[in-house]
Amino acid sequence: MKNILRERIDEALITLKEDKFLPQAVSANYQIDIPKSIAHGDYSSNVALLLAKPCSKSPRVIAETMRDILLKYETFEEVVVAGPGFLNFKISDRSLFTIIGEILELKNDFGCSTIGASKKVQIEFVSANPTGPLHVGHGRGAALGSALSSIYTACGFEVVKEYYVNDAGRQMDILAASVYLRMKEETGRESTYPSLCYQGDYVRRLAVDYLKSSTLNIRMEEFAFDEVELKGETDSDLDNLIGEIKAVLGLENFAQLKAYAASVITGSIREDLENFRVDFEEWYSEQKMHDFGLIDSVLSSLETKGHTYSRDKATWFRSAALGDEKDRVLIRENGAKTYFAADVAYHFEKFNKGFARLVNIWGADHHGYVARVRAALTALGCSEKRLEIILVQFASLIKNKEPVAMSTRSGEFVTLRELVEEVGVDAARFFYLMRRSDQHLEFDLDLAVSRSNENPVYYVQYAHARICSILESSEEYDPTVWQLEFGDVLSETSERKIAVLLARYPEVVISAMKTNEPHQITQYLREVAQEFHSYYNAHKILAEDTRLRNARLSLIYCIRQVLVNGLQLLDISAPRSM
RNA sequence: GGCCCGGUAGUUCAGCUGGAUAGAACGGUCGCCUCCUAAGCGACAGGUCGCAGGUUCGAAUCCUGCCCGGGUCACCA
């Protein structure tokens, strides 16, 4: 409908220019809005206000002249000049309710578009280190990424969801060492467990299972445990400890233990995500990049292009020259590659896969990372503008009005699994997607778990269930009975508002895609549900008059369709009864 | 100190490519089921849109400065 309005207004402007009322050269990036108050019409435009200055004419005079032209169209029942020079449009019934026919025809495709032109998009998200279970912070990224994927798909993109598995590096060594120390305890030996090791119960379970494992290669000989000793509680003490464990087990056994721990944890992460209705097409392993020499080849490519230098026995990347705050280390003094080096290679690989757009969803704590990754991509000759990085602010949990503390190392966190068990997938996803991602999220557990009117997810689902119930109790209803003439009987203000609201859905989807903001869908669905509940209470859907009844049934049928389509984008269920 | 995010009703937040009387939910008060699901609806109360300037027909929205809260600034990942 907005598009039609825009066409009409553009035509009117051309006419006015031909009549020399307006100068040829002027143009305006005017808006078409849905006014807050229906008293200002179904739609309004500020076009005359914007033209006033360049044309040196009063905005009201321009608006009045435009009104006279626009009134010729049957689309408009009324065109009113208001306030400083707004044009307010009341759409004729027939035009307004064409949206019903459109929704009935498109069904699940209503809201889909081809704006993406089948371009390939990769969305990388969650990508938590496989050192422990996912916690509620990861859940936010998971919900955001999967909703965005659906939104991009609806907009006609071809989407690949990817999880980058950081299964290499020091934190994995710490994990392996943690499991090792728990095994030591499990075999009845004395052991002090460092506070820097992973504290969660899952580490002990890994230890027990590994000891029981039939494929066990490590021979649990006395010396294999007893020669290892913890000296202190600092990072370097921990590194020494890891060194000792490696020496005692042998590198191969240590690597095997590490791989075991990584695969078990990755497996359970995968399970948690599946429970949360998130699936990835791709699980990309950092370790494999190391194994295949991809990192080395990217590093040498940087070197060839003159973007690296040596200092203090380390290899540095000249990122400061490319917009970063300072240069960054790629290879440490001790010869180990940094996480950043792996990340450069990872992003380079991504860019070589032919994606038109790459979306990274990162925790806000990574924001300092953005500049250096972009710098590296520029250095490698990639057009870094194809990369979009969404920084998600932290989610904090509130229980009994008190914040819940979270920390992975200490093991004091609420896992995503626990959250889902407590509040259910629908509520969890809905809550995560209610807020802008650059906004801190307060996740009120008590509210999410409540099965009452306090809980917004039920509000939307309830609207859907109510409509299902009405449609089922009206056996003779068939959506195909809808005729354009029915628009004449839908004369209530609320019915007009609903028609305008439903017509807005496709542009909400596109806007959510363009801004990477799924919460726009969530907000929109709450609005639709609200309009419906209000309408339902004020007017009887199953009216005596057949025409009116069928018209209203068609209208609520379309409301349901939009609710279903929107909830599907968020992967939240639409129950038929509640 | 540099950089990032935020400061809107008692609370949690929408609104931010400038637009008409700043919205919703929760919480509070008062109403609505002989009638399509009361997990619902209606009404009332509740606001110096952090502060101060600026830009203009018009600013919660844009610009500048300041104040407050959170995050982040490794040869950790």
# chains A, B, ... in the order shown; residues from 1 in each chain; ligands from 1

call {"tool": "select_by_dssp", "arguments": {"residues": "segment 385-565 of chain A", "states": "alpha helix (DSSP H)", "output": "ChimeraX atom specification"}}
result
/A:416-423,425-432,445-449,456-473,493-515,519-538,546-565

call {"tool": "interface_residues", "arguments": {"of": "chain B", "to": "chain A", "cutoff": "6 Å", "atoms": "only C-alpha atoms (C1' of nucleotides)", "output": "MDAnalysis selection string"}}
result
chainID B and resid 36:37 39 41 72 75

call {"tool": "write_last_selection", "arguments": {"atoms": "C-alpha atoms (C1' of nucleotides)", "output": "PDB file, in the first residue's frame"}}
result
ATOM      1  C1'   C B  36     -16.558 -16.652  19.552  1.00  0.00           C
ATOM      2  C1'   U B  37     -10.699 -19.362  25.013  1.00  0.00           C
ATOM      3  C1'   A B  39      -3.022 -16.646  29.456  1.00  0.00           C
ATOM      4  C1'   C B  41     -10.362  -6.372  27.223  1.00  0.00           C
ATOM      5  C1'   U B  72      36.872  -3.333  26.642  1.00  0.00           C
ATOM      6  C1'   C B  75      53.280 -12.222  23.051  1.00  0.00           C
TER       7        C B  75
END

call {"tool": "residues_around", "arguments": {"residues": "Ser127 of chain A", "least_positions_apart": "5", "cutoff": "7 Å", "atoms": "only C-alpha atoms (C1' of nucleotides)", "output": "MDAnalysis selection string"}}
result
chainID A and resid 163:165

call {"tool": "write_last_selection", "arguments": {"atoms": "N, CA and C atoms", "output": "CSV table (one decimal), in the first residue's frame"}}
result
chain,number,residue,atom,x,y,z
A,163,TYR,N,29.4,-22.4,12.7
A,163,TYR,CA,29.9,-22.3,14.1
A,163,TYR,C,31.4,-22.5,14.0
A,164,TYR,N,32.1,-21.6,14.5
A,164,TYR,CA,33.6,-21.7,14.5
A,164,TYR,C,34.0,-22.3,15.8
A,165,VAL,N,34.6,-23.5,15.7
A,165,VAL,CA,35.0,-24.2,16.9
A,165,VAL,C,36.4,-23.9,17.3

call {"tool": "residues_around", "arguments": {"residues": "Phe430 of chain A", "least_positions_apart": "6", "cutoff": "8 Å", "atoms": "only C-alpha atoms (C1' of nucleotides)", "output": "ChimeraX atom specification"}}
result
/A:457,522,570,572

call {"tool": "atom_distance", "arguments": {"atom1": "atom CA of Glu162 of chain A", "atom2": "atom CA of Tyr198 of chain A"}}
result
26.2 Å

call {"tool": "residues_around", "arguments": {"residues": "Ile242 of chain A", "least_positions_apart": "3", "cutoff": "8 Å", "atoms": "only C-alpha atoms (C1' of nucleotides)", "output": "JSON list (two decimals) with C-alpha atoms, in the first residue's frame"}}
result
[["chain", "number", "residue", "atom", "x", "y", "z"],
["A", 173, "ASP", "CA", 45.23, -27.38, 27.05],
["A", 174, "ILE", "CA", 43.79, -26.12, 30.29],
["A", 177, "ALA", "CA", 44.82, -30.61, 32.16],
["A", 238, "LEU", "CA", 49.48, -23.43, 35.26],
["A", 239, "ASP", "CA", 51.55, -23.42, 32.08],
["A", 245, "ILE", "CA", 51.41, -33.27, 32.08],
["A", 246, "LYS", "CA", 52.42, -33.22, 28.44]]

call {"tool": "closest_residue", "arguments": {"among": "A:Glu190, A:Ala345, A:Arg67, A:Arg547", "to": "His290 of chain A", "atoms": "only C-alpha atoms"}}
result
A:Ala345

call {"tool": "atom_distance", "arguments": {"atom1": "atom CA of Val423 of chain A", "atom2": "atom C1' of G6 of chain B"}}
result
27.5 Å

call {"tool": "residues_around", "arguments": {"residues": "Tyr346 of chain A", "least_positions_apart": "4", "cutoff": "9 Å", "atoms": "only C-alpha atoms (C1' of nucleotides)", "output": "short mmCIF file (atom, residue, chain, number, x, y, z; two decimals) with N, CA and C atoms, in the first residue's frame"}}
result
data_model
loop_
_atom_site.label_atom_id
_atom_site.label_comp_id
_atom_site.auth_asym_id
_atom_site.auth_seq_id
_atom_site.Cartn_x
_atom_site.Cartn_y
_atom_site.Cartn_z
N TYR A 164 32.13 -21.56 14.48
CA TYR A 164 33.59 -21.66 14.46
C TYR A 164 34.02 -22.29 15.77
N TYR A 284 33.12 -25.35 11.80
CA TYR A 284 34.45 -25.12 11.24
C TYR A 284 35.49 -25.22 12.35
N GLU A 286 39.02 -24.94 14.19
CA GLU A 286 40.28 -24.21 14.20
C GLU A 286 41.46 -25.18 14.10
N MET A 289 42.47 -26.07 10.67
CA MET A 289 43.24 -25.03 9.97
C MET A 289 44.72 -25.17 10.30
N LEU A 294 46.77 -23.96 6.92
CA LEU A 294 46.13 -22.77 6.36
C LEU A 294 46.64 -21.49 7.02
N ILE A 295 46.92 -21.61 8.31
CA ILE A 295 47.37 -20.43 9.02
C ILE A 295 48.74 -20.00 8.52
N ALA A 341 46.06 -14.87 14.90
CA ALA A 341 46.59 -15.44 13.65
C ALA A 341 45.59 -16.43 13.07
N ALA A 342 45.03 -17.26 13.94
CA ALA A 342 44.05 -18.23 13.48
C ALA A 342 42.82 -17.51 12.93
N LYS A 350 36.86 -17.63 4.86
CA LYS A 350 35.46 -17.25 4.66
C LYS A 350 35.30 -16.42 3.40
N PHE A 351 36.21 -15.46 3.25
CA PHE A 351 36.08 -14.54 2.11
C PHE A 351 36.28 -15.25 0.79
#

call {"tool": "residues_around", "arguments": {"residues": "segment 60-67 of chain B", "least_positions_apart": "6", "cutoff": "8 Å", "atoms": "only C-alpha atoms (C1' of nucleotides)", "output": "list in words"}}
result
U8, C16, G18, A22, C49, G50, C51, A52 and G54 of chain B

call {"tool": "write_last_selection", "arguments": {"atoms": "C-alpha atoms (C1' of nucleotides)", "output": "PDB file, in the first residue's frame"}}
result
ATOM      1  C1'   U B   8      12.884   7.600  27.956  1.00  0.00           C
ATOM      2  C1'   C B  16      16.279   7.263  17.107  1.00  0.00           C
ATOM      3  C1'   G B  18      14.031  14.843  12.568  1.00  0.00           C
ATOM      4  C1'   A B  22       6.431  10.482  23.554  1.00  0.00           C
ATOM      5  C1'   C B  49      12.957  11.673  27.086  1.00  0.00           C
ATOM      6  C1'   G B  50      20.577  12.290  32.080  1.00  0.00           C
ATOM      7  C1'   C B  51      22.236  17.884  32.030  1.00  0.00           C
ATOM      8  C1'   A B  52      23.598  22.308  29.090  1.00  0.00           C
ATOM      9  C1'   G B  54      23.661  24.361  19.043  1.00  0.00           C
TER      10        G B  54
END

call {"tool": "closest_residue", "arguments": {"among": "A:Leu87, A:Ala379, A:Leu358, A:Leu502", "to": "Tyr152 of chain A", "atoms": "only C-alpha atoms"}}
result
A:Leu358

call {"tool": "closest_residue", "arguments": {"among": "A:Asn360, A:Asn108, A:Ser310, A:Thr378", "to": "Gln122 of chain A", "atoms": "only C-alpha atoms"}}
result
A:Asn360

call {"tool": "atom_distance", "arguments": {"atom1": "atom CA of Arg549 of chain A", "atom2": "atom CA of Gly566 of chain A"}}
result
25.7 Å

call {"tool": "closest_residue", "arguments": {"among": "B:G40, B:G1, B:G7, B:C33", "to": "C68 of chain B", "atoms": "only C-alpha atoms (C1' of nucleotides)"}}
result
B:G7

call {"tool": "decode", "arguments": {"residues": "segment 121-146 of chain A", "atoms": "N, CA and C atoms", "output": "PDB file, in the first residue's frame"}}
result
ATOM      1  N   VAL A 121      24.814 -15.671   1.791  1.00  0.00           N
ATOM      2  CA  VAL A 121      25.157 -14.990   3.045  1.00  0.00           C
ATOM      3  C   VAL A 121      25.607 -16.031   4.048  1.00  0.00           C
ATOM      4  N   GLN A 122      26.684 -15.739   4.738  1.00  0.00           N
ATOM      5  CA  GLN A 122      27.069 -16.628   5.820  1.00  0.00           C
ATOM      6  C   GLN A 122      26.839 -15.913   7.139  1.00  0.00           C
ATOM      7  N   ILE A 123      26.217 -16.600   8.070  1.00  0.00           N
ATOM      8  CA  ILE A 123      26.045 -16.025   9.395  1.00  0.00           C
ATOM      9  C   ILE A 123      26.797 -16.910  10.378  1.00  0.00           C
ATOM     10  N   GLU A 124      27.766 -16.340  11.031  1.00  0.00           N
ATOM     11  CA  GLU A 124      28.540 -17.104  12.004  1.00  0.00           C
ATOM     12  C   GLU A 124      28.147 -16.648  13.393  1.00  0.00           C
ATOM     13  N   PHE A 125      27.772 -17.593  14.227  1.00  0.00           N
ATOM     14  CA  PHE A 125      27.369 -17.187  15.570  1.00  0.00           C
ATOM     15  C   PHE A 125      27.587 -18.294  16.589  1.00  0.00           C
ATOM     16  N   VAL A 126      27.372 -17.972  17.820  1.00  0.00           N
ATOM     17  CA  VAL A 126      27.660 -18.763  19.016  1.00  0.00           C
ATOM     18  C   VAL A 126      29.180 -18.960  19.120  1.00  0.00           C
ATOM     19  N   SER A 127      29.730 -19.894  18.335  1.00  0.00           N
ATOM     20  CA  SER A 127      31.186 -20.082  18.287  1.00  0.00           C
ATOM     21  C   SER A 127      31.838 -20.033  19.664  1.00  0.00           C
ATOM     22  N   ALA A 128      31.178 -20.617  20.656  1.00  0.00           N
ATOM     23  CA  ALA A 128      31.755 -20.648  21.997  1.00  0.00           C
ATOM     24  C   ALA A 128      32.871 -21.684  22.050  1.00  0.00           C
ATOM     25  N   ASN A 129      33.895 -21.432  22.828  1.00  0.00           N
ATOM     26  CA  ASN A 129      34.964 -22.411  23.004  1.00  0.00           C
ATOM     27  C   ASN A 129      34.386 -23.710  23.564  1.00  0.00           C
ATOM     28  N   PRO A 130      34.832 -24.841  23.034  1.00  0.00           N
ATOM     29  CA  PRO A 130      34.305 -26.109  23.550  1.00  0.00           C
ATOM     30  C   PRO A 130      34.989 -26.506  24.851  1.00  0.00           C
ATOM     31  N   THR A 131      34.915 -25.641  25.817  1.00  0.00           N
ATOM     32  CA  THR A 131      35.535 -25.938  27.110  1.00  0.00           C
ATOM     33  C   THR A 131      34.492 -26.120  28.190  1.00  0.00           C
ATOM     34  N   GLY A 132      33.242 -26.012  27.818  1.00  0.00           N
ATOM     35  CA  GLY A 132      32.189 -26.168  28.814  1.00  0.00           C
ATOM     36  C   GLY A 132      30.843 -25.957  28.149  1.00  0.00           C
ATOM     37  N   PRO A 133      29.784 -26.154  28.923  1.00  0.00           N
ATOM     38  CA  PRO A 133      28.449 -26.026  28.357  1.00  0.00           C
ATOM     39  C   PRO A 133      28.135 -24.573  27.974  1.00  0.00           C
ATOM     40  N   LEU A 134      27.181 -24.421  27.091  1.00  0.00           N
ATOM     41  CA  LEU A 134      26.724 -23.080  26.732  1.00  0.00           C
ATOM     42  C   LEU A 134      25.981 -22.474  27.910  1.00  0.00           C
ATOM     43  N   HIS A 135      26.206 -21.207  28.153  1.00  0.00           N
ATOM     44  CA  HIS A 135      25.437 -20.554  29.209  1.00  0.00           C
ATOM     45  C   HIS A 135      24.443 -19.571  28.610  1.00  0.00           C
ATOM     46  N   VAL A 136      23.735 -18.875  29.458  1.00  0.00           N
ATOM     47  CA  VAL A 136      22.633 -18.053  28.960  1.00  0.00           C
ATOM     48  C   VAL A 136      23.100 -16.906  28.055  1.00  0.00           C
ATOM     49  N   GLY A 137      24.346 -16.488  28.210  1.00  0.00           N
ATOM     50  CA  GLY A 137      24.867 -15.455  27.323  1.00  0.00           C
ATOM     51  C   GLY A 137      24.953 -15.959  25.890  1.00  0.00           C
ATOM     52  N   HIS A 138      25.413 -17.206  25.731  1.00  0.00           N
ATOM     53  CA  HIS A 138      25.476 -17.794  24.398  1.00  0.00           C
ATOM     54  C   HIS A 138      24.091 -17.929  23.782  1.00  0.00           C
ATOM     55  N   GLY A 139      23.120 -18.151  24.648  1.00  0.00           N
ATOM     56  CA  GLY A 139      21.756 -18.336  24.156  1.00  0.00           C
ATOM     57  C   GLY A 139      21.274 -17.126  23.378  1.00  0.00           C
ATOM     58  N   ARG A 140      21.717 -15.971  23.815  1.00  0.00           N
ATOM     59  CA  ARG A 140      21.280 -14.756  23.137  1.00  0.00           C
ATOM     60  C   ARG A 140      21.804 -14.716  21.714  1.00  0.00           C
ATOM     61  N   GLY A 141      23.080 -15.033  21.561  1.00  0.00           N
ATOM     62  CA  GLY A 141      23.667 -15.079  20.224  1.00  0.00           C
ATOM     63  C   GLY A 141      22.998 -16.150  19.371  1.00  0.00           C
ATOM     64  N   ALA A 142      22.684 -17.274  20.010  1.00  0.00           N
ATOM     65  CA  ALA A 142      22.064 -18.384  19.281  1.00  0.00           C
ATOM     66  C   ALA A 142      20.692 -17.973  18.748  1.00  0.00           C
ATOM     67  N   ALA A 143      19.916 -17.346  19.599  1.00  0.00           N
ATOM     68  CA  ALA A 143      18.579 -16.926  19.187  1.00  0.00           C
ATOM     69  C   ALA A 143      18.673 -15.870  18.086  1.00  0.00           C
ATOM     70  N   LEU A 144      19.580 -14.942  18.277  1.00  0.00           N
ATOM     71  CA  LEU A 144      19.741 -13.865  17.297  1.00  0.00           C
ATOM     72  C   LEU A 144      20.178 -14.412  15.944  1.00  0.00           C
ATOM     73  N   GLY A 145      21.187 -15.260  15.965  1.00  0.00           N
ATOM     74  CA  GLY A 145      21.711 -15.790  14.710  1.00  0.00           C
ATOM     75  C   GLY A 145      20.693 -16.627  13.968  1.00  0.00           C
ATOM     76  N   SER A 146      19.975 -17.459  14.687  1.00  0.00           N
ATOM     77  CA  SER A 146      19.055 -18.329  13.964  1.00  0.00           C
ATOM     78  C   SER A 146      17.855 -17.536  13.458  1.00  0.00           C
TER      79      SER A 146
END
